Amino acid sequence: MNDDQIKAILLRENYITEADASRAEKQAATTKKPLTEILLSEGIVTRNLLGQAIAESLQRSFADLKTVEPSREQVLLLPEQVAREHHAVIFKQTTTALTVATAETDTTALNTILQTTFPGKKINYAYAFPEDVEESFVYYLKKLETRFKDIIAKQKRVAPEIIDQIILDALAFRASDIHIEPQEKEIIIRFRVDGVLQEAGRMPKEYYPNILNRIKVETHLPIDEHFSAQDGAIRYKTQEAEVDLRVSILPTLNGEKVAIRLLSQYVHGFTFSDLGLSEKDQALLETTAKKPFGMILVVGPTGSGKSTSLYALLKLLNRSEINITTIEDPVEYKVEGINQIQVNQQTNLTFAEGLRSIARQDPDVILVGEIRDLETTEIAVNAALTGHLLLSTFHANDAATAIPRLLEMGAEPFLLASTLELVIAQRLVRKICDHCKHSISLSHAQLERELPHFPKKYFSGKTITLYQGDGCPSCGGTGFRGRTAIFEFITVTPELRELMLHSPSTQQIWELAKTQGAVTLFEDGLEKVKNGVTTVAELLRVAQPPEK
């Protein structure tokens, strides 16, 4: 179904106005994005309403496969070739009927096949987004090692085919990183899924040199260099997918290890609600981002989602009348309408040098990938002071620690106090799988036995209701699927600006911020525990209760 058809449906069913459609079409033309992507990213319609509208126009029900995923058994009821050719999956089944979720508008050919495959059963159709149906096809994949053996048995194009299968598997399992690790006699492939590494497969080591060379050729790295670290990037295309990869190769005792970061395309449609922000924090961030100048810092360790949060903020600010320029190392997400600069040490294009040049490019908003040294700090502060909104990340354990660290680095207290508007600390926690989540009731005595060091003051009442996932095919048996962030916000108020002039300690900053309504990472995470988003154990993995 094309954009014009979807627009007509939404207008006819009064899901959007003519003004909404016109505004979205102009933005789609400017950004060269699909109309539906604009409608969703701008919040003009929700994904559920869009699905409902299309389903109603086809006189079907809407199958939200994000909320109710088909089981492995349901998916495998359809032969793989039929499912892939017709973008179809069994959504519901009874002894007398089947409900098939499909994105196809004409089901004549599919109906003929299904009547033969399931004789005597009534066939009903529901509309599902094509990308949701595609995700369910993960159950058709054989084990990675089995596919390796099949490829090796053919003795044709072993390296490219194995690399394709590894990347396709990583995408299917929503991995953020691929690790290809040489051992003494074999190669181990591991995926990082929802922040946790898990083994995906193994292969004989004799095929690794060809695979390694193929990766180096694709990423334009020298194939005859084996004893130094190398970094590269590529947009990798297979028959079924296209993904941006960031490749790191490092020599180890057993050979060169490859780590591949899969740069997520989903960030283009990311909104603040997807980040896990509370309504209060979201409103605060939006208000601060609308200021004409100042600095917003996002702090946390590597892998805590800082870049994703900043890109969600850039998405809010990205309009034709705003000049946004970034300098990053590396550029992780390519965004239409934004001027993005890649740090290049060989040409002396550092954060500091790039930032100096950006300031002469008449920017309204500047994103600096990371503040690492005094020189970058001083230029960033001056840029924020002279009429620019500056966004950046900084390595600090929490929001209150960031300010003393910047001052210790050599930032001028008066200038920092004049420009810093908001400090956000964050961590990522795994979300409980919606498909196997259930509640459990504990007494305070039971909670104390299971979590002896957990402060009981955070739970009231005789019984405590918590949630957990038992593990199912949808989450790979882990009980978790997806991640969300927990946050700590410190707004730089007049009182805090005054305190910053006197070289305050982390404790002094936090005590003041707490009186002004700030909550810790742990306390924000605890709300997500109570709301059934994550577990106590997962929260304690990334954040500790405050000492007082």
# chains A, B, ... in the order shown; residues from 1 in each chain; ligands from 1
>>> residues_around(residues="Leu197 in chain A", least_positions_apart="4", cutoff="9 Å", atoms="only C-alpha atoms", output="ChimeraX atom specification")
/A:177,179,190-193
>>> write_last_selection(atoms="N, CA, C and O atoms", output="PDB file, in the first residue's frame")
ATOM      1  N   ASP A 177      25.842  -5.831  18.729  1.00  0.00           N
ATOM      2  CA  ASP A 177      27.245  -6.090  18.413  1.00  0.00           C
ATOM      3  C   ASP A 177      27.434  -7.557  18.031  1.00  0.00           C
ATOM      4  O   ASP A 177      26.755  -8.438  18.560  1.00  0.00           O
ATOM      5  N   HIS A 179      30.622 -10.341  17.870  1.00  0.00           N
ATOM      6  CA  HIS A 179      32.012 -10.632  18.230  1.00  0.00           C
ATOM      7  C   HIS A 179      32.430 -11.917  17.521  1.00  0.00           C
ATOM      8  O   HIS A 179      31.798 -12.967  17.707  1.00  0.00           O
ATOM      9  N   ARG A 190      29.708 -14.525  18.897  1.00  0.00           N
ATOM     10  CA  ARG A 190      28.813 -14.129  19.982  1.00  0.00           C
ATOM     11  C   ARG A 190      28.074 -12.850  19.591  1.00  0.00           C
ATOM     12  O   ARG A 190      28.626 -11.984  18.914  1.00  0.00           O
ATOM     13  N   PHE A 191      26.819 -12.738  20.029  1.00  0.00           N
ATOM     14  CA  PHE A 191      26.013 -11.540  19.806  1.00  0.00           C
ATOM     15  C   PHE A 191      25.741 -10.868  21.143  1.00  0.00           C
ATOM     16  O   PHE A 191      25.516 -11.546  22.151  1.00  0.00           O
ATOM     17  N   ARG A 192      25.747  -9.536  21.131  1.00  0.00           N
ATOM     18  CA  ARG A 192      25.289  -8.799  22.315  1.00  0.00           C
ATOM     19  C   ARG A 192      23.824  -8.414  22.089  1.00  0.00           C
ATOM     20  O   ARG A 192      23.512  -7.607  21.204  1.00  0.00           O
ATOM     21  N   VAL A 193      22.941  -9.010  22.842  1.00  0.00           N
ATOM     22  CA  VAL A 193      21.509  -8.760  22.717  1.00  0.00           C
ATOM     23  C   VAL A 193      21.015  -8.151  24.020  1.00  0.00           C
ATOM     24  O   VAL A 193      21.204  -8.727  25.098  1.00  0.00           O
TER      25      VAL A 193
END
>>> select_by_dssp(residues="range 295-462 of chain A", states="strand (DSSP E or B)", output="ChimeraX atom specification")
/A:295-299,324-328,339-342,344,349,365-368,389-394,420-432,437-443
>>> closest_atom_pairs(of="range 417-493 of chain A", to="range 163-176 of chain A", cutoff="10 Å", atoms="only C-alpha atoms", output="JSON lines")
{"residue": "A:Ser474", "atom": "CA", "partner": "A:Phe173", "partner_atom": "CA", "distance": 9.8}
{"residue": "A:Cys475", "atom": "CA", "partner": "A:Phe173", "partner_atom": "CA", "distance": 9.1}
{"residue": "A:Gly476", "atom": "CA", "partner": "A:Phe173", "partner_atom": "CA", "distance": 8.8}
{"residue": "A:Arg481", "atom": "CA", "partner": "A:Arg174", "partner_atom": "CA", "distance": 9.5}
{"residue": "A:Gly482", "atom": "CA", "partner": "A:Arg174", "partner_atom": "CA", "distance": 8.5}
>>> atom_distance(atom1="CA of Leu422 in chain A", atom2="CA of Leu297 in chain A")
6.4 Å
>>> atom_distance(atom1="CA of Ala24 in chain A", atom2="CA of Arg319 in chain A")
12.3 Å
>>> closest_atom_pairs(of="range 287-388 of chain A", to="range 425-446 of chain A", cutoff="6 Å", atoms="only C-alpha atoms", output="Markdown table")
| residue | atom | partner | partner_atom | distance |
| --- | --- | --- | --- | --- |
| A:Val298 | CA | A:Ala425 | CA | 5.8 |
| A:Val299 | CA | A:Ala425 | CA | 4.7 |
| A:Gly300 | CA | A:Ala425 | CA | 5.7 |
| A:Ser304 | CA | A:Arg427 | CA | 4.8 |
>>> write_last_selection(atoms="all heavy atoms", output="mmCIF file, in the first residue's frame")
data_model
loop_
_atom_site.group_PDB
_atom_site.id
_atom_site.type_symbol
_atom_site.label_atom_id
_atom_site.label_comp_id
_atom_site.auth_asym_id
_atom_site.auth_seq_id
_atom_site.Cartn_x
_atom_site.Cartn_y
_atom_site.Cartn_z
ATOM 1 N N VAL A 298 24.704 14.883 28.522
ATOM 2 C CA VAL A 298 24.225 13.544 28.876
ATOM 3 C C VAL A 298 25.440 12.738 29.314
ATOM 4 O O VAL A 298 26.416 12.629 28.579
ATOM 5 C CB VAL A 298 23.525 12.862 27.690
ATOM 6 C CG1 VAL A 298 22.987 11.499 28.113
ATOM 7 C CG2 VAL A 298 22.391 13.722 27.164
ATOM 8 N N VAL A 299 25.390 12.201 30.540
ATOM 9 C CA VAL A 299 26.560 11.521 31.089
ATOM 10 C C VAL A 299 26.237 10.064 31.405
ATOM 11 O O VAL A 299 25.093 9.684 31.616
ATOM 12 C CB VAL A 299 27.080 12.239 32.360
ATOM 13 C CG1 VAL A 299 27.346 13.703 32.075
ATOM 14 C CG2 VAL A 299 26.112 12.098 33.531
ATOM 15 N N GLY A 300 27.294 9.263 31.427
ATOM 16 C CA GLY A 300 27.154 7.842 31.724
ATOM 17 C C GLY A 300 28.312 7.093 31.096
ATOM 18 O O GLY A 300 29.082 7.654 30.312
ATOM 19 N N SER A 304 25.709 3.241 27.491
ATOM 20 C CA SER A 304 24.543 3.561 28.320
ATOM 21 C C SER A 304 23.452 4.282 27.539
ATOM 22 O O SER A 304 22.471 4.746 28.113
ATOM 23 C CB SER A 304 24.962 4.401 29.535
ATOM 24 O OG SER A 304 25.597 5.596 29.127
#
>>> atom_distance(atom1="CA of Val45 in chain A", atom2="CA of Thr287 in chain A")
22.7 Å
>>> closest_residue(among="A:Val335, A:Ile327, A:Ala103, A:Ala200", to="Ile358 in chain A", atoms="only C-alpha atoms")
A:Ile327
>>> select_by_dssp(residues="range 6-202 of chain A", states="helix (DSSP H, G or I)", output="PyMOL selection string")
chain A and resi 6-12+18-31+35-41+47-57+72-75+80-86+108-117+130-140+144-154+158-172
>>> residues_around(residues="Phe91 in chain A", least_positions_apart="2", cutoff="10 Å", atoms="only C-alpha atoms", output="JSON list (two decimals) with N, CA, C and O atoms, in the first residue's frame")
[["chain", "number", "residue", "atom", "x", "y", "z"],
["A", 63, "ALA", "N", -3.80, -6.87, 13.44],
["A", 63, "ALA", "CA", -2.97, -7.78, 14.24],
["A", 63, "ALA", "C", -1.70, -7.02, 14.64],
["A", 63, "ALA", "O", -0.82, -6.81, 13.79],
["A", 64, "ASP", "N", -1.63, -6.59, 15.88],
["A", 64, "ASP", "CA", -0.43, -5.89, 16.36],
["A", 64, "ASP", "C", 0.59, -6.93, 16.83],
["A", 64, "ASP", "O", 0.55, -7.38, 17.97],
["A", 65, "LEU", "N", 1.47, -7.31, 15.93],
["A", 65, "LEU", "CA", 2.43, -8.37, 16.24],
["A", 65, "LEU", "C", 3.52, -7.91, 17.20],
["A", 65, "LEU", "O", 4.28, -8.74, 17.71],
["A", 68, "VAL", "N", 1.32, -8.78, 20.53],
["A", 68, "VAL", "CA", 1.05, -10.22, 20.64],
["A", 68, "VAL", "C", 1.82, -10.92, 19.53],
["A", 68, "VAL", "O", 1.36, -10.99, 18.38],
["A", 69, "GLU", "N", 3.00, -11.41, 19.85],
["A", 69, "GLU", "CA", 3.84, -12.05, 18.84],
["A", 69, "GLU", "C", 3.39, -13.50, 18.61],
["A", 69, "GLU", "O", 3.08, -14.21, 19.56],
["A", 70, "PRO", "N", 3.38, -13.95, 17.36],
["A", 70, "PRO", "CA", 3.07, -15.37, 17.10],
["A", 70, "PRO", "C", 4.14, -16.26, 17.73],
["A", 70, "PRO", "O", 5.31, -15.89, 17.78],
["A", 71, "SER", "N", 3.72, -17.40, 18.20],
["A", 71, "SER", "CA", 4.68, -18.35, 18.77],
["A", 71, "SER", "C", 5.42, -19.07, 17.65],
["A", 71, "SER", "O", 5.03, -19.02, 16.48],
["A", 74, "GLN", "N", 3.12, -21.43, 15.85],
["A", 74, "GLN", "CA", 2.21, -20.77, 14.90],
["A", 74, "GLN", "C", 2.93, -20.40, 13.61],
["A", 74, "GLN", "O", 2.41, -20.62, 12.51],
["A", 75, "VAL", "N", 4.13, -19.87, 13.73],
["A", 75, "VAL", "CA", 4.89, -19.45, 12.54],
["A", 75, "VAL", "C", 5.17, -20.65, 11.65],
["A", 75, "VAL", "O", 4.99, -20.60, 10.43],
["A", 88, "ALA", "N", 3.06, -13.55, 5.24],
["A", 88, "ALA", "CA", 1.94, -14.02, 6.05],
["A", 88, "ALA", "C", 2.43, -14.85, 7.23],
["A", 88, "ALA", "O", 3.47, -15.51, 7.16],
["A", 89, "VAL", "N", 1.65, -14.80, 8.30],
["A", 89, "VAL", "CA", 1.96, -15.60, 9.48],
["A", 89, "VAL", "C", 0.64, -15.94, 10.18],
["A", 89, "VAL", "O", -0.31, -15.14, 10.15],
["A", 93, "GLN", "N", -5.37, -19.46, 16.04],
["A", 93, "GLN", "CA", -5.88, -20.72, 15.50],
["A", 93, "GLN", "C", -6.82, -21.39, 16.50],
["A", 93, "GLN", "O", -6.63, -21.30, 17.71],
["A", 98, "LEU", "N", -8.60, -20.38, 11.28],
["A", 98, "LEU", "CA", -7.28, -19.75, 11.38],
["A", 98, "LEU", "C", -7.43, -18.27, 11.09],
["A", 98, "LEU", "O", -8.21, -17.86, 10.23],
["A", 99, "THR", "N", -6.67, -17.45, 11.83],
["A", 99, "THR", "CA", -6.55, -16.04, 11.49],
["A", 99, "THR", "C", -5.14, -15.81, 11.01],
["A", 99, "THR", "O", -4.17, -16.09, 11.73],
["A", 100, "VAL", "N", -5.00, -15.33, 9.78],
["A", 100, "VAL", "CA", -3.70, -15.13, 9.15],
["A", 100, "VAL", "C", -3.40, -13.64, 9.09],
["A", 100, "VAL", "O", -4.21, -12.86, 8.55],
["A", 101, "ALA", "N", -2.28, -13.23, 9.66],
["A", 101, "ALA", "CA", -1.85, -11.83, 9.61],
["A", 101, "ALA", "C", -0.99, -11.63, 8.37],
["A", 101, "ALA", "O", -0.03, -12.36, 8.16],
["A", 102, "THR", "N", -1.35, -10.64, 7.57],
["A", 102, "THR", "CA", -0.59, -10.38, 6.34],
["A", 102, "THR", "C", -0.70, -8.91, 5.98],
["A", 102, "THR", "O", -1.69, -8.25, 6.33],
["A", 124, "ASN", "N", -9.59, -16.60, 8.15],
["A", 124, "ASN", "CA", -9.82, -15.16, 8.36],
["A", 124, "ASN", "C", -8.51, -14.41, 8.16],
["A", 124, "ASN", "O", -7.43, -14.96, 8.40],
["A", 125, "TYR", "N", -8.62, -13.15, 7.77],
["A", 125, "TYR", "CA", -7.42, -12.36, 7.53],
["A", 125, "TYR", "C", -7.39, -11.12, 8.42],
["A", 125, "TYR", "O", -8.42, -10.47, 8.64],
["A", 126, "ALA", "N", -6.20, -10.82, 8.94],
["A", 126, "ALA", "CA", -5.97, -9.59, 9.71],
["A", 126, "ALA", "C", -4.83, -8.83, 9.05],
["A", 126, "ALA", "O", -3.96, -9.44, 8.41],
["A", 128, "ALA", "N", -1.39, -6.78, 9.19],
["A", 128, "ALA", "CA", -0.21, -6.57, 10.05],
["A", 128, "ALA", "C", 0.83, -5.80, 9.24],
["A", 128, "ALA", "O", 0.91, -5.94, 8.01],
["A", 133, "VAL", "N", 5.65, -8.76, 10.36],
["A", 133, "VAL", "CA", 5.55, -10.13, 9.85],
["A", 133, "VAL", "C", 6.95, -10.68, 9.59],
["A", 133, "VAL", "O", 7.26, -11.82, 9.95]]
>>> residues_around(residues="Val331 in chain A", least_positions_apart="4", cutoff="12 Å", atoms="only C-alpha atoms", output="ChimeraX atom specification")
/A:232-234,244-246,263,307-308,311,325-327,335,338-344,367-370
>>> residues_around(residues="range 414-421 of chain A", least_positions_apart="3", cutoff="12 Å", atoms="only C-alpha atoms", output="PyMOL selection string")
chain A and resi 284-285+287-298+377-392+402-411+424+489-504
>>> residues_around(residues="Gly525 in chain A", least_positions_apart="6", cutoff="10 Å", atoms="only C-alpha atoms", output="PDB file with N, CA and C atoms, in the first residue's frame")
ATOM      1  N   GLY A 276      12.039   5.971  27.513  1.00  0.00           N
ATOM      2  CA  GLY A 276      11.706   5.614  28.886  1.00  0.00           C
ATOM      3  C   GLY A 276      11.616   6.814  29.802  1.00  0.00           C
ATOM      4  N   ARG A 427      21.371   5.096  32.433  1.00  0.00           N
ATOM      5  CA  ARG A 427      21.835   3.721  32.283  1.00  0.00           C
ATOM      6  C   ARG A 427      20.766   2.961  31.514  1.00  0.00           C
ATOM      7  N   LEU A 428      21.149   1.836  30.938  1.00  0.00           N
ATOM      8  CA  LEU A 428      20.187   0.991  30.237  1.00  0.00           C
ATOM      9  C   LEU A 428      19.881  -0.250  31.067  1.00  0.00           C
ATOM     10  N   VAL A 429      18.599  -0.586  31.151  1.00  0.00           N
ATOM     11  CA  VAL A 429      18.178  -1.820  31.825  1.00  0.00           C
ATOM     12  C   VAL A 429      17.340  -2.643  30.848  1.00  0.00           C
ATOM     13  N   THR A 484      15.329  -0.294  28.059  1.00  0.00           N
ATOM     14  CA  THR A 484      14.874   1.065  28.286  1.00  0.00           C
ATOM     15  C   THR A 484      15.910   1.741  29.172  1.00  0.00           C
ATOM     16  N   ALA A 485      15.770   3.045  29.341  1.00  0.00           N
ATOM     17  CA  ALA A 485      16.763   3.783  30.129  1.00  0.00           C
ATOM     18  C   ALA A 485      16.171   4.240  31.454  1.00  0.00           C
ATOM     19  N   ILE A 486      17.045   4.354  32.448  1.00  0.00           N
ATOM     20  CA  ILE A 486      16.681   5.033  33.697  1.00  0.00           C
ATOM     21  C   ILE A 486      17.499   6.322  33.747  1.00  0.00           C
ATOM     22  N   PHE A 487      16.923   7.364  34.341  1.00  0.00           N
ATOM     23  CA  PHE A 487      17.495   8.698  34.230  1.00  0.00           C
ATOM     24  C   PHE A 487      17.659   9.395  35.580  1.00  0.00           C
ATOM     25  N   GLU A 488      18.566  10.360  35.551  1.00  0.00           N
ATOM     26  CA  GLU A 488      18.774  11.263  36.689  1.00  0.00           C
ATOM     27  C   GLU A 488      18.947  12.661  36.079  1.00  0.00           C
ATOM     28  N   VAL A 519      15.637  13.203  41.324  1.00  0.00           N
ATOM     29  CA  VAL A 519      15.620  11.826  41.828  1.00  0.00           C
ATOM     30  C   VAL A 519      16.825  11.084  41.262  1.00  0.00           C
ATOM     31  N   ASN A 531       6.266  -0.549  38.033  1.00  0.00           N
ATOM     32  CA  ASN A 531       5.340  -0.539  36.895  1.00  0.00           C
ATOM     33  C   ASN A 531       5.487  -1.770  36.004  1.00  0.00           C
ATOM     34  N   VAL A 533       8.160  -2.823  34.313  1.00  0.00           N
ATOM     35  CA  VAL A 533       9.006  -2.667  33.131  1.00  0.00           C
ATOM     36  C   VAL A 533      10.254  -3.528  33.245  1.00  0.00           C
ATOM     37  N   THR A 534      10.859  -3.571  34.441  1.00  0.00           N
ATOM     38  CA  THR A 534      12.080  -4.342  34.652  1.00  0.00           C
ATOM     39  C   THR A 534      12.045  -4.989  36.026  1.00  0.00           C
ATOM     40  N   THR A 535      13.112  -5.680  36.386  1.00  0.00           N
ATOM     41  CA  THR A 535      13.157  -6.404  37.656  1.00  0.00           C
ATOM     42  C   THR A 535      14.090  -5.701  38.644  1.00  0.00           C
ATOM     43  N   VAL A 536      13.956  -6.046  39.907  1.00  0.00           N
ATOM     44  CA  VAL A 536      14.836  -5.487  40.937  1.00  0.00           C
ATOM     45  C   VAL A 536      16.282  -5.895  40.664  1.00  0.00           C
ATOM     46  N   GLU A 538      17.732  -6.629  37.849  1.00  0.00           N
ATOM     47  CA  GLU A 538      18.250  -5.897  36.694  1.00  0.00           C
ATOM     48  C   GLU A 538      18.582  -4.458  37.069  1.00  0.00           C
ATOM     49  N   LEU A 539      17.738  -3.845  37.887  1.00  0.00           N
ATOM     50  CA  LEU A 539      18.018  -2.479  38.356  1.00  0.00           C
ATOM     51  C   LEU A 539      19.300  -2.441  39.173  1.00  0.00           C
ATOM     52  N   LEU A 540      19.457  -3.394  40.083  1.00  0.00           N
ATOM     53  CA  LEU A 540      20.651  -3.414  40.932  1.00  0.00           C
ATOM     54  C   LEU A 540      21.925  -3.701  40.136  1.00  0.00           C
ATOM     55  N   VAL A 542      22.759  -2.158  37.471  1.00  0.00           N
ATOM     56  CA  VAL A 542      23.286  -0.913  36.895  1.00  0.00           C
ATOM     57  C   VAL A 542      23.218   0.283  37.841  1.00  0.00           C
ATOM     58  N   ALA A 543      22.488   0.185  38.942  1.00  0.00           N
ATOM     59  CA  ALA A 543      22.358   1.329  39.849  1.00  0.00           C
ATOM     60  C   ALA A 543      22.206   0.836  41.280  1.00  0.00           C
TER      61      ALA A 543
END
>>> closest_residue(among="A:Val529, A:Ala400, A:Asp4, A:Thr105", to="Ile464 in chain A", atoms="only C-alpha atoms")
A:Val529
>>> residues_around(residues="Glu186 in chain A", least_positions_apart="4", cutoff="10 Å", atoms="only C-alpha atoms", output="ChimeraX atom specification")
/A:181-182,202-208,254
>>> decode(residues="range 343-365 of chain A", atoms="C-alpha atoms", output="PDB file, in the first residue's frame")
ATOM      1  CA  VAL A 343      36.530  13.241  13.553  1.00  0.00           C
ATOM      2  CA  ASN A 344      39.712  12.451  11.617  1.00  0.00           C
ATOM      3  CA  GLN A 345      42.934  12.403  13.648  1.00  0.00           C
ATOM      4  CA  GLN A 346      45.093  11.965  10.527  1.00  0.00           C
ATOM      5  CA  THR A 347      43.991  15.359   9.180  1.00  0.00           C
ATOM      6  CA  ASN A 348      43.928  16.941  12.668  1.00  0.00           C
ATOM      7  CA  LEU A 349      40.145  17.199  12.564  1.00  0.00           C
ATOM      8  CA  THR A 350      39.691  16.736  16.322  1.00  0.00           C
ATOM      9  CA  PHE A 351      36.676  17.624  18.421  1.00  0.00           C
ATOM     10  CA  ALA A 352      38.316  20.920  19.351  1.00  0.00           C
ATOM     11  CA  GLU A 353      39.386  21.879  15.813  1.00  0.00           C
ATOM     12  CA  GLY A 354      36.070  20.770  14.338  1.00  0.00           C
ATOM     13  CA  LEU A 355      34.163  22.734  16.963  1.00  0.00           C
ATOM     14  CA  ARG A 356      36.128  25.878  16.126  1.00  0.00           C
ATOM     15  CA  SER A 357      35.172  25.502  12.458  1.00  0.00           C
ATOM     16  CA  ILE A 358      31.529  24.714  13.234  1.00  0.00           C
ATOM     17  CA  ALA A 359      31.220  27.945  15.192  1.00  0.00           C
ATOM     18  CA  ARG A 360      32.019  29.826  11.963  1.00  0.00           C
ATOM     19  CA  GLN A 361      29.297  27.952  10.026  1.00  0.00           C
ATOM     20  CA  ASP A 362      26.376  29.930  11.520  1.00  0.00           C
ATOM     21  CA  PRO A 363      24.900  27.006  13.475  1.00  0.00           C
ATOM     22  CA  ASP A 364      21.857  27.171  15.757  1.00  0.00           C
ATOM     23  CA  VAL A 365      22.435  23.782  17.377  1.00  0.00           C
TER      24      VAL A 365
END
